[in-house]
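A short write-up of the structure that comes next.
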Amino acid sequence: VESDIRDLKQNNMTITEFYSAMTNLWDQVVLMESSELKVVKAYTNHREEQHLVQLLMALGDDFEGFRGVIFHRIPIPSVDSMVAELLAEETRLKS
């Protein structure tokens with residue numbers, strides 16, 4: 001599943017389609033995790049950051065500038081807030 005995550009690219013998918021595909025893979029990984037890990041705050045924070053990086057790195061070239069802005073934010077945003085921004089950016093790029 002991890003290799004599927006690394007191989008997944010946005011290509012011609014919309015942000016909604018791409019995020020759905022990525023979350024399906026992330027959910028498969030979570031099912032394989034130890035239940036003890038799921039409650040460790042440091043681990044869940046690391047996993048959230050990992051998801052953010054995986055999602056950003058797999059975005060299409062249209063989002064290169066957006067990717068750079070997100071990587072320089074302190075603190076880094078949550079995946080959910082970043083996806084909301086991505087949807088707005090996608091709308092802006094289409095107009």
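Just remember, in the structure tokens the first chain shown is A, the second B, etc., residues are 1-based per chain, and ligands are 1-based in the order shown.
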Q | Who sits within 9 Å of range 24-35 of chain A, only C-alpha atoms, same chain under 5 positions skipped, as a ChimeraX atom specification | A | /A:1-2,4-5,19,51
Q.
Which of chain A end up as helix (DSSP H, G or I) when DSSP is run on this backbone - answer as a PyMOL selection string?
A. chain A and resi 2-7+15-32+37-39+41-57+61-71+79-94
Could you please take those selected residues and save C-alpha atoms as a short mmCIF file (atom, residue, chain, number, x, y, z; two decimals), in the first residue's frame?
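Once everything was written out, this is part_0.cif:
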data_model
loop_
_atom_site.label_atom_id
_atom_site.label_comp_id
_atom_site.auth_asym_id
_atom_site.auth_seq_id
_atom_site.Cartn_x
_atom_site.Cartn_y
_atom_site.Cartn_z
CA GLU A 2 2.87 2.38 0.79
CA SER A 3 4.23 1.93 -2.73
CA ASP A 4 0.75 2.66 -4.12
CA ILE A 5 0.77 5.91 -2.14
CA ARG A 6 4.20 6.85 -3.51
CA ASP A 7 3.10 5.99 -7.06
CA ILE A 15 -8.51 17.69 -6.29
CA THR A 16 -11.62 15.96 -4.95
CA GLU A 17 -10.95 12.78 -6.95
CA PHE A 18 -7.26 12.81 -6.06
CA TYR A 19 -7.87 13.40 -2.34
CA SER A 20 -10.43 10.59 -2.31
CA ALA A 21 -7.96 8.19 -3.94
CA MET A 22 -5.24 9.18 -1.47
CA THR A 23 -7.50 8.87 1.59
CA ASN A 24 -8.58 5.41 0.46
CA LEU A 25 -4.93 4.35 0.50
CA TRP A 26 -4.26 6.05 3.83
CA ASP A 27 -7.26 4.27 5.33
CA GLN A 28 -5.82 0.93 4.21
CA VAL A 29 -2.56 1.73 6.01
CA VAL A 30 -4.43 2.71 9.18
CA LEU A 31 -6.20 -0.65 9.18
CA MET A 32 -2.80 -2.35 9.36
CA LEU A 37 0.04 3.46 17.83
CA LYS A 38 -3.31 5.00 16.95
CA VAL A 39 -3.56 6.67 20.36
CA LYS A 41 -0.21 11.76 19.90
CA ALA A 42 3.34 12.05 18.52
CA TYR A 43 2.63 9.23 16.08
CA THR A 44 -0.68 10.66 14.90
CA ASN A 45 0.96 14.08 14.44
CA HIS A 46 3.75 12.47 12.40
CA ARG A 47 1.22 10.58 10.30
CA GLU A 48 -0.69 13.81 9.60
CA GLU A 49 2.52 15.55 8.48
CA GLN A 50 3.39 12.54 6.33
CA HIS A 51 -0.04 12.68 4.68
CA LEU A 52 0.41 16.39 3.98
CA VAL A 53 3.79 15.80 2.30
CA GLN A 54 2.51 12.81 0.32
CA LEU A 55 -0.44 14.79 -0.96
CA LEU A 56 1.59 17.88 -1.85
CA MET A 57 4.33 15.96 -3.63
CA ASP A 61 2.60 20.95 -11.90
CA ASP A 62 -0.19 23.54 -11.80
CA PHE A 63 0.13 23.50 -8.01
CA GLU A 64 3.92 23.96 -7.80
CA GLY A 65 3.66 27.48 -6.39
CA PHE A 66 0.99 26.41 -3.92
CA ARG A 67 3.20 23.52 -2.77
CA GLY A 68 6.08 25.89 -2.04
CA VAL A 69 3.89 28.21 0.00
CA ILE A 70 2.54 25.34 2.14
CA PHE A 71 6.00 23.89 2.81
CA VAL A 79 -4.49 18.08 5.68
CA ASP A 80 -8.14 19.13 5.86
CA SER A 81 -7.38 22.85 5.80
CA MET A 82 -4.84 22.36 3.01
CA VAL A 83 -7.40 20.46 0.92
CA ALA A 84 -9.86 23.33 1.37
CA GLU A 85 -7.17 25.72 0.10
CA LEU A 86 -6.39 23.36 -2.78
CA LEU A 87 -10.04 23.35 -3.83
CA ALA A 88 -10.04 27.15 -3.84
CA GLU A 89 -6.79 27.20 -5.83
CA GLU A 90 -8.19 24.68 -8.31
CA THR A 91 -11.22 26.92 -8.84
CA ARG A 92 -8.95 29.94 -9.30
CA LEU A 93 -6.79 28.10 -11.85
CA LYS A 94 -9.85 27.04 -13.86
#
